[in-house]
Structure formats: C-alpha cells, structure tokens
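Below is one structure, written out as structure tokens, with a few remarks after it.
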Amino acid sequence: MTFFLKLVLILVLAHIVSLSLYLLVPSPESWFVEIGEFPPDAPIAVNAEIQCRPRTLYVTKDYAGSADQEVLDDRCFELQEKLVKAASDGDVSRIAALIAEGANVNSLGWLAELERPLPGAVWSRQTAAVKLMLDNGGDPDDYQYCCMSHKSLLTIAAGNNDVETMKLLISRGADLHFVGDFGEGVAETVKREGNEQTMELFNAACDRDIRWRVRSRAVQLLSVLGLSKIADAS
C-alpha cells in the first residue's frame with residue numbers, strides 16, 4: 001500500500017472516529033448540571049383487598065352515567081376525591097393516610113382527566129407530594145388530557161419552570177421525548193416557556209440520553225453540510 005493510500009485510510013478512520021465521538025459522547029458541559037438523586041422510600045403497606053383499582057373512574061349514584069367505564073363505589077369515590085385535593089395541596093401526611101386506606105395514585109377523581117392526583121401535585125409545584133406518590137407506584141409519565149391539551153408531568157413541570165420537580169421526574173425516567181396528541185411536547189414547552197435554569201437542565205438531560213443526543217446532533221450535522229431538507233425530514 002502506497003504512502004498516499006495509507007494517509008487517506010488514516011484520515012477516513014479519523015473522521016469516522018471523530019463523527020462517532022460527536023454523535024455518541026455527551027458534552028462535558030452537561031455533566032456539570034446537577035440532576036440529583038431521589039432515592040425512593042419504602043412504599044406504604046396497603047391491604048390489596050381494600051385498594052382502589054388503578055386507572056378507574058369511581059362514581060356514586062349521583063354522578064353515574066356521565067362518563068364511560070365508570071365503577072359505582074362510594075368508598076373509592078370519596079378516597080380518590082380526597083387524594084386529588086391532598087395532592088394539589090401538597091399535604092403529604094394526608095396523602096400517605098389516604099394511600100394506606102386504599103386510594104390509588106394512578107386512578108382518577110370524579111372529573112376524570114381533570115382530576116388526577118399526580119398532575120394536580122405537579123401543577124401546584126408540590127415536589128414532596130409528587131415523590132411520595134411516585135414512591136407508591138405513581139407513573140412518572142402520567143399525564144393530563146383535557147381541554148385540547150395533552151401534557152405529561154414533565155411537560156407541566158417545564159411549563160411551570162419547576163426545576164426541582166423536573167429533576168425528580170427525570171431521575172425517575174420520565175420521557176424526555178414526550179409529544180402530546182395536540183403536538184405539545186416537553187421540548188416545545190421548554191423552548192417556548194422555559195427560563196435559563198429550565199433550559200439548562202433539560203438540555204443537559206437530553207445530552208445524557210443517547211437517543212436524543214444522536215438524533216439532535218445528526219440533524220445539526222446535516223444542517224451544517226447544507227442538507228437541511230434531510231434534517232427537517234428526520
């Protein structure tokens with residue numbers, strides 16, 4: 001092999017390595033942003049025979065027939081209604097007591113999607129209440145779906161610029177790529193409503209996520225190379 005061919009091969013390999021590092025390795029700046037750890041506490045002991053079911057709309061006879069998939073149960077109706085109120089108020093001792101009595105953090109209040117414990121706590125910036133419910137089986141990708149809006153917990157927290165709750169949700173694996181049925185996603189919310197801290201945190205979390213990192217950097221690279229149509233399509 002001639003010296004020229006060796007040189008070309010070395011340059012090609014160097015470009016491949018550089019491109020791989022660019023796409024795969026997080027930027028050093030992202031590791032200076034602290035996301036933190038929120039180790040879970042032991043879940044509250046609940047008798048399975050009295051626990052309300054998840055993702056269920058409990059109603060009384062007075063409210064029967066107003067929505068699909070209703071379950072008549074006065075006790076669970078009252079528990080879920082109280083849980084939504086306690087979650088919005090950030091009353092962690094009350095939330096714990098209601099969970100022990102059988103309330104389910106993944107079920108609804110009487111107004112269905114308008115009344116969900118976890119979204120209510122996130123809207124109210126009640127990080128401790130959110131953590132308690134996550135520790136007791138709450139879904140970090142829970143959402144609110146109403147009024148031409150479909151927002152995940154992380155989307156709500158980002159819109160509030162509630163950095164502490166964002167850190168909690170990110171540490172528990174909340175979906176950074178969430179996009180609602182009406183096109184409103186976490187990234188769009190951060191871009192439109194985020195302050196400096198919110199954007200810094202979200203960008204750092206994305207940079208540590210290999211799926212997001214490869215996609216966003218590939219789009220940037222295609223744009224730099226003048227292949228914007230391919231970048232837009234991706």
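The chains in the structure tokens are called A, B, ... from first to last as shown; in each chain the residues are counted from 1, and the ligands are counted from 1 in the order shown.
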
Query - strand (DSSP E or B) residues, from DSSP on the backbone, in region 15-182 of chain A, as an MDAnalysis selection string - result: chainID A and resid 57:59 70:72 109 112 143:146 149:152 179

Query raised in the report: Which residues come within 8 Å of Ser149 (chain A), counting only C-alpha atoms, excluding same-chain residues fewer than 4 positions away, as a PyMOL selection string?
Result: chain A and resi 144-145+180-182+184

Save the residues we just selected, C-alpha atoms, as an mmCIF file, in the first residue's frame?
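Output saved as result16.cif:
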```cif
data_model
loop_
_atom_site.group_PDB
_atom_site.id
_atom_site.type_symbol
_atom_site.label_atom_id
_atom_site.label_comp_id
_atom_site.auth_asym_id
_atom_site.auth_seq_id
_atom_site.Cartn_x
_atom_site.Cartn_y
_atom_site.Cartn_z
ATOM 1 C CA GLN A 144 -53.332 15.380 31.957
ATOM 2 C CA TYR A 145 -55.601 15.063 28.940
ATOM 3 C CA GLY A 180 -48.932 15.125 23.217
ATOM 4 C CA ASP A 181 -51.758 14.307 20.841
ATOM 5 C CA PHE A 182 -52.073 18.003 20.002
ATOM 6 C CA GLU A 184 -47.313 19.872 22.569
#
```

Query - Shell of 8 Å around Gly194 (chain A), only C-alpha atoms, local chain residues under 5 positions omitted, as a list in words - result: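 The filter keeps Ala158, Gly159, Asn161, Thr189 and Met199 of chain A.
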
Generate a file of the selected residues that holds C-alpha atoms, formatted as a PDB file, in the first residue's frame.
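Ended up saving to again30.pdb:
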```pdb
ATOM      1  CA  ALA A 158     -41.277  22.509  32.488  1.00  0.00           C
ATOM      2  CA  GLY A 159     -44.091  24.954  31.768  1.00  0.00           C
ATOM      3  CA  ASN A 161     -40.212  26.286  35.381  1.00  0.00           C
ATOM      4  CA  THR A 189     -42.662  23.755  26.128  1.00  0.00           C
ATOM      5  CA  MET A 199     -33.439  25.060  29.539  1.00  0.00           C
TER       6      MET A 199
END
```

Query raised in the report: With distances taken over only C-alpha atoms, which of A:Leu9, A:Gly185, A:Leu201, A:Ala100 is nearest to Asp162 (chain A)?
Result: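 Answer, going by the shortest atom-to-atom distance: A:Leu201.
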
Requested in this report: Please give the complete set of residues from region 61-160 of chain A that DSSP, run on the backbone, assigns to alpha helix (DSSP H), formatted as a ChimeraX atom specification.
Outcome: /A:74-89,92-101,117-123,127-135,153-159

Query raised in the report: Using only C-alpha atoms, which of the listed residues (A:Ala174, A:Ala121, A:Ile99, A:Ala128) sits closest to Asn47 (chain A)?
Result: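 Among the listed residues, the smallest separation from Asn47 (chain A) belongs to A:Ile99.
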
Query raised in the report: Hey, which of A:Asp89, A:Glu196, A:Glu164, A:Asp141 ends up closest to His177 (chain A)? Count only C-alpha atoms.
Result: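 Using only C-alpha atoms, the shortest distance to His177 (chain A) belongs to A:Asp141.
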
Can you list, as a PDB file with N, CA and C atoms, in the first residue's frame, every protein, DNA or RNA residue that comes within 10 Å of Arg116 (chain A) when you count only C-alpha atoms, leaving out same-chain residues fewer than 2 positions away?
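out.pdb written:
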```
ATOM      1  N   ARG A  55     -56.322   3.498  37.287  1.00  0.00           N
ATOM      2  CA  ARG A  55     -56.922   3.950  36.029  1.00  0.00           C
ATOM      3  C   ARG A  55     -58.414   3.620  35.961  1.00  0.00           C
ATOM      4  N   GLN A  80     -60.600   8.802  46.305  1.00  0.00           N
ATOM      5  CA  GLN A  80     -59.926   9.413  45.159  1.00  0.00           C
ATOM      6  C   GLN A  80     -60.148  10.924  45.125  1.00  0.00           C
ATOM      7  N   GLU A  81     -61.350  11.347  45.471  1.00  0.00           N
ATOM      8  CA  GLU A  81     -61.641  12.780  45.515  1.00  0.00           C
ATOM      9  C   GLU A  81     -60.756  13.472  46.560  1.00  0.00           C
ATOM     10  N   LEU A  83     -57.878  12.338  47.658  1.00  0.00           N
ATOM     11  CA  LEU A  83     -56.481  12.233  47.242  1.00  0.00           C
ATOM     12  C   LEU A  83     -56.111  13.350  46.268  1.00  0.00           C
ATOM     13  N   VAL A  84     -57.004  13.637  45.329  1.00  0.00           N
ATOM     14  CA  VAL A  84     -56.747  14.730  44.378  1.00  0.00           C
ATOM     15  C   VAL A  84     -56.565  16.050  45.124  1.00  0.00           C
ATOM     16  N   LYS A  85     -57.416  16.304  46.108  1.00  0.00           N
ATOM     17  CA  LYS A  85     -57.337  17.547  46.884  1.00  0.00           C
ATOM     18  C   LYS A  85     -56.032  17.593  47.692  1.00  0.00           C
ATOM     19  N   ALA A  87     -53.257  16.011  47.083  1.00  0.00           N
ATOM     20  CA  ALA A  87     -52.120  16.114  46.163  1.00  0.00           C
ATOM     21  C   ALA A  87     -51.917  17.552  45.713  1.00  0.00           C
ATOM     22  N   SER A  88     -52.996  18.219  45.353  1.00  0.00           N
ATOM     23  CA  SER A  88     -52.903  19.618  44.919  1.00  0.00           C
ATOM     24  C   SER A  88     -52.434  20.526  46.053  1.00  0.00           C
ATOM     25  N   VAL A 105     -52.861   6.108  43.565  1.00  0.00           N
ATOM     26  CA  VAL A 105     -52.273   7.321  42.974  1.00  0.00           C
ATOM     27  C   VAL A 105     -52.381   7.330  41.457  1.00  0.00           C
ATOM     28  N   ASN A 106     -52.678   6.176  40.853  1.00  0.00           N
ATOM     29  CA  ASN A 106     -52.819   6.100  39.399  1.00  0.00           C
ATOM     30  C   ASN A 106     -54.280   6.066  38.950  1.00  0.00           C
ATOM     31  N   SER A 107     -55.188   6.356  39.873  1.00  0.00           N
ATOM     32  CA  SER A 107     -56.585   6.407  39.493  1.00  0.00           C
ATOM     33  C   SER A 107     -57.042   7.865  39.439  1.00  0.00           C
ATOM     34  N   LEU A 108     -58.337   8.062  39.193  1.00  0.00           N
ATOM     35  CA  LEU A 108     -58.837   9.394  38.884  1.00  0.00           C
ATOM     36  C   LEU A 108     -59.707   9.940  39.998  1.00  0.00           C
ATOM     37  N   GLY A 109     -59.996  11.216  39.897  1.00  0.00           N
ATOM     38  CA  GLY A 109     -61.043  11.820  40.715  1.00  0.00           C
ATOM     39  C   GLY A 109     -62.331  11.823  39.911  1.00  0.00           C
ATOM     40  N   TRP A 110     -63.362  12.427  40.435  1.00  0.00           N
ATOM     41  CA  TRP A 110     -64.676  12.275  39.796  1.00  0.00           C
ATOM     42  C   TRP A 110     -64.820  13.018  38.475  1.00  0.00           C
ATOM     43  N   LEU A 111     -63.918  13.948  38.180  1.00  0.00           N
ATOM     44  CA  LEU A 111     -63.983  14.639  36.887  1.00  0.00           C
ATOM     45  C   LEU A 111     -63.011  14.044  35.875  1.00  0.00           C
ATOM     46  N   ALA A 112     -62.688  12.777  36.062  1.00  0.00           N
ATOM     47  CA  ALA A 112     -61.832  12.036  35.134  1.00  0.00           C
ATOM     48  C   ALA A 112     -60.517  12.742  34.877  1.00  0.00           C
ATOM     49  N   GLU A 113     -60.239  13.108  33.616  1.00  0.00           N
ATOM     50  CA  GLU A 113     -58.916  13.636  33.272  1.00  0.00           C
ATOM     51  C   GLU A 113     -58.626  14.986  33.913  1.00  0.00           C
ATOM     52  N   LEU A 114     -59.645  15.712  34.322  1.00  0.00           N
ATOM     53  CA  LEU A 114     -59.416  16.991  35.001  1.00  0.00           C
ATOM     54  C   LEU A 114     -58.911  16.781  36.419  1.00  0.00           C
ATOM     55  N   LEU A 118     -51.446  12.948  40.488  1.00  0.00           N
ATOM     56  CA  LEU A 118     -50.083  13.365  40.153  1.00  0.00           C
ATOM     57  C   LEU A 118     -50.032  14.673  39.355  1.00  0.00           C
ATOM     58  N   PRO A 119     -50.814  14.820  38.272  1.00  0.00           N
ATOM     59  CA  PRO A 119     -50.799  16.115  37.580  1.00  0.00           C
ATOM     60  C   PRO A 119     -51.202  17.272  38.490  1.00  0.00           C
ATOM     61  N   GLY A 120     -52.157  17.032  39.396  1.00  0.00           N
ATOM     62  CA  GLY A 120     -52.555  18.089  40.319  1.00  0.00           C
ATOM     63  C   GLY A 120     -51.412  18.550  41.194  1.00  0.00           C
ATOM     64  N   ALA A 121     -50.623  17.598  41.692  1.00  0.00           N
ATOM     65  CA  ALA A 121     -49.473  17.944  42.528  1.00  0.00           C
ATOM     66  C   ALA A 121     -48.395  18.673  41.732  1.00  0.00           C
ATOM     67  N   ASP A 142     -47.199   9.894  33.826  1.00  0.00           N
ATOM     68  CA  ASP A 142     -48.622  10.218  33.927  1.00  0.00           C
ATOM     69  C   ASP A 142     -48.864  11.533  33.177  1.00  0.00           C
ATOM     70  N   TYR A 143     -50.109  11.841  32.928  1.00  0.00           N
ATOM     71  CA  TYR A 143     -50.412  12.991  32.065  1.00  0.00           C
ATOM     72  C   TYR A 143     -51.751  13.596  32.443  1.00  0.00           C
ATOM     73  N   GLN A 144     -52.002  14.762  31.889  1.00  0.00           N
ATOM     74  CA  GLN A 144     -53.332  15.380  31.957  1.00  0.00           C
ATOM     75  C   GLN A 144     -53.835  15.532  30.529  1.00  0.00           C
ATOM     76  N   TYR A 145     -55.055  15.084  30.300  1.00  0.00           N
ATOM     77  CA  TYR A 145     -55.601  15.063  28.940  1.00  0.00           C
ATOM     78  C   TYR A 145     -56.956  15.743  28.973  1.00  0.00           C
TER      79      TYR A 145
END
```

Query - CA of Thr127 (chain A) to CA of Leu169 (chain A), distance in Å rounded to a single decimal - result: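 Calculated distance between CA of Thr127 (chain A) and CA of Leu169 (chain A) is 9.5 Å.
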